[in-house]
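> Here it is: the structure, laid out below.
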Number of protein chains: 2
Amino acid sequence: MGTKERREREREEIRGKILDAARELFVQEGYDAVTMRRIAERIEYSATAIYLHFKDKRAVLIALCDADFLRLAGELQKIGRVEDPIERMRLSGRAYVRFALENPNHYRWMFMTPHPELDPKDSGIRVGNPEEDAWAFLRGTVAEAIEAGLLRSELTDPDLVAQAVWGSVHGVVSLHIAKCNDDWVDWRPPAEVAELLMDATIRGLVRGLLRGED
Amino acid sequence: MGTKERREREREEIRGKILDAARELFVQEGYDAVTMRRIAERIEYSATAIYLHFKDKRAVLIALCDADFLRLAGELQKIGRVEDPIERMRLSGRAYVRFALENPNHYRWMFMTPHPELDPKDSGIRVGNPEEDAWAFLRGTVAEAIEAGLLRSELTDPDLVAQAVWGSVHGVVSLHIAKCNDDWVDWRPPAEVAELLMDATIRGLVRGLLRGED
DNA sequence: GAATTAACTTAACGACGTTCAGTGAACGGC
DNA sequence: GCCGTTCACTGAACGTCGTTAAGTTAATTC
């Protein structure tokens, strides 16, 4: 009989409820608002019940972000079809920026917060995790650009170049997420800043001149 | 008689002791290790005594970082003498990167952590704060470069361009600070990545070709 | 129908930031 | 030299947090 399967299904269901409640708190009020007790309250369980489904609070947050980051990986996958590596870089950057600005709390937790020895596998599945996917995608794109002879001749290390490109978009969005409320800077729309920086970076990386330059 | 002056001096002294103890914990073990009780323990006072000298924990951290960030402002001041704005940008970027990597916990707190409505002036002096100084310095340098006609003709907004430049160096160092322990990326030395990115960005921003290009 | 197992709860621990009601010593005026 | 005031400080406490231990209850298995 299927009691085992039903149990499994029920477990999955309340696991989902926990993640949904946590997500709601996280998106609306940020990390500090996600407490075990508040999650529990929303799903009408006790706080300790969560520990039957997740190792600890970090595991909840990681599972939460994993799920949402799959969307980013998915969007990059679509871009994967564009044949020009440079154009692919540009499109990836835009998708990345859009994702970060639409999910600032996720982004903060995943890319702006150090996680002590994140991956001893206690934290769930995470085979070929979404971050790694996105990173591998960018690295691969840069490597292709290098192989195709599109970049300046001294740029031979795909890791180095890809980390620079990642750094540039990450810098713009993370600065915005962390400091947009500080009014000693007259902030420009981050998407515009990112567009400008990507443009400048790509111009600076590619071999020779880009068309339309003055 | 100078009892008032002596009192003042003594207050300043223990204020300094609090900051020193907090700094030690902060630098060695990061934000979470800085607790009122641990600070108190180190200076052999009760935790509540700290509240006689600082409004709350945030005020301690802010005072702490303010003091250290003055060093960064000071180093940028030295660079201020270099006449070529582009060269000045490059040197500022290097100084900024060095500071961030030497003071990762400070950097994290100041530039990677959102602070809820930071500046209602309850937080101490902070007139023309150090961050603002560093920012004003970069913005001014970019503005000079634009005025001198060194940048491409469509780059007319100093805020936009300066935010892009800031974003690029910030991105590299903050990514390193947050994720250097994640081994799904084969990290390159952040100073090298920053150097490459600054180089590419500057190449992409300036008018015409830079000497030595292929 | 008894024994087992799984899901869940209540109570508690030790930490945190912070507040409140004191305490005792130094000070200033007489 | 005494006395009221001010000041720096303390101990206990509040309410929060993540997490653990022990106990309860219900469904399943034999």
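Residue numbers start at 1 in each chain; chains themselves are named A, B, ... in the order of the structure tokens; ligands are numbered from 1 in the order shown.
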Cα RMSD of chain B on chain A, all Cα atoms paired in order, least-squares fit?

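The optimal C-alpha superposition leaves an RMSD of 0.1 Å.
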
> Set the distance at 10 Å and use only C-alpha atoms (C1' of nucleotides): which residues neighbour A:Val161 once local chain neighbours fewer than 4 positions away are removed? I'd like the list as a VMD selection string.

(chain A and resid 138 to 139 142 to 143 146 151 155 to 157 165 to 167 205) or (chain B and resid 188 193 196 to 197 200)

> What are the closest atom pairs, with distances in Å to one decimal, for each residue of chain C lying within 10 Å of stretch 11-16 of chain D, using only C-alpha atoms (C1' of nucleotides), rows by chain and rising residue number, as a Markdown table?


```
| residue | atom | partner | partner_atom | distance |
| --- | --- | --- | --- | --- |
| C:DC16 | C1' | D:DT16 | C1' | 7.8 |
| C:DG17 | C1' | D:DT16 | C1' | 8.7 |
| C:DT18 | C1' | D:DC14 | C1' | 8.7 |
| C:DT19 | C1' | D:DC14 | C1' | 8.0 |
| C:DC20 | C1' | D:DA13 | C1' | 8.3 |
| C:DA21 | C1' | D:DA12 | C1' | 9.3 |
| C:DG22 | C1' | D:DG11 | C1' | 8.9 |
```

> Extract, using only C-alpha atoms (C1' of nucleotides), all DNA, RNA and protein residues at most 8 Å from stretch 94-97 of chain B, discarding same-chain residues fewer than 2 positions from it, and format them as a list in words.

Leu72, Glu75, Leu76, Arg90, Leu91, Ser92, Phe99, Ala100, Leu101, Val169, His170, Val173, Ala191, Ala194 and Glu195 of chain B

> Selection from above, C-alpha atoms, as a PDB file, in the first residue's frame, can you write it?


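For reference, out.pdb as written:
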```pdb
ATOM      1  CA  LEU B  72      41.278  55.657   3.321  1.00  0.00           C
ATOM      2  CA  GLU B  75      45.392  58.008   1.300  1.00  0.00           C
ATOM      3  CA  LEU B  76      43.144  59.326  -1.445  1.00  0.00           C
ATOM      4  CA  ARG B  90      43.669  54.194 -11.475  1.00  0.00           C
ATOM      5  CA  LEU B  91      45.647  55.002  -8.330  1.00  0.00           C
ATOM      6  CA  SER B  92      42.457  55.624  -6.346  1.00  0.00           C
ATOM      7  CA  PHE B  99      41.980  49.108   1.826  1.00  0.00           C
ATOM      8  CA  ALA B 100      39.077  46.727   1.298  1.00  0.00           C
ATOM      9  CA  LEU B 101      41.291  43.656   1.301  1.00  0.00           C
ATOM     10  CA  VAL B 169      36.152  47.963  -8.034  1.00  0.00           C
ATOM     11  CA  HIS B 170      33.513  47.384  -5.397  1.00  0.00           C
ATOM     12  CA  VAL B 173      36.498  43.180  -3.748  1.00  0.00           C
ATOM     13  CA  ALA B 191      43.983  42.632  -6.906  1.00  0.00           C
ATOM     14  CA  ALA B 194      40.576  44.514 -10.202  1.00  0.00           C
ATOM     15  CA  GLU B 195      43.606  45.622 -12.178  1.00  0.00           C
TER      16      GLU B 195
END
```

> Residues of chain B within 8 Å of chain D, using only C-alpha atoms (C1' of nucleotides), as a count of residues only?

3

> Just checking: using only C-alpha atoms (C1' of nucleotides), which residue out of A:Val27, A:Met112, A:Leu52, A:Ile18 ends up closest to chain C?

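The shortest atom-to-atom distance to chain C comes from A:Leu52.
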
> Let me make sure I understand: among B:Ile86, B:Cys180, B:Met198, B:Val172, which one has the smallest atom-to-atom distance to chain A if we use only C-alpha atoms?

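For chain A, the nearest of the given residues is B:Val172.
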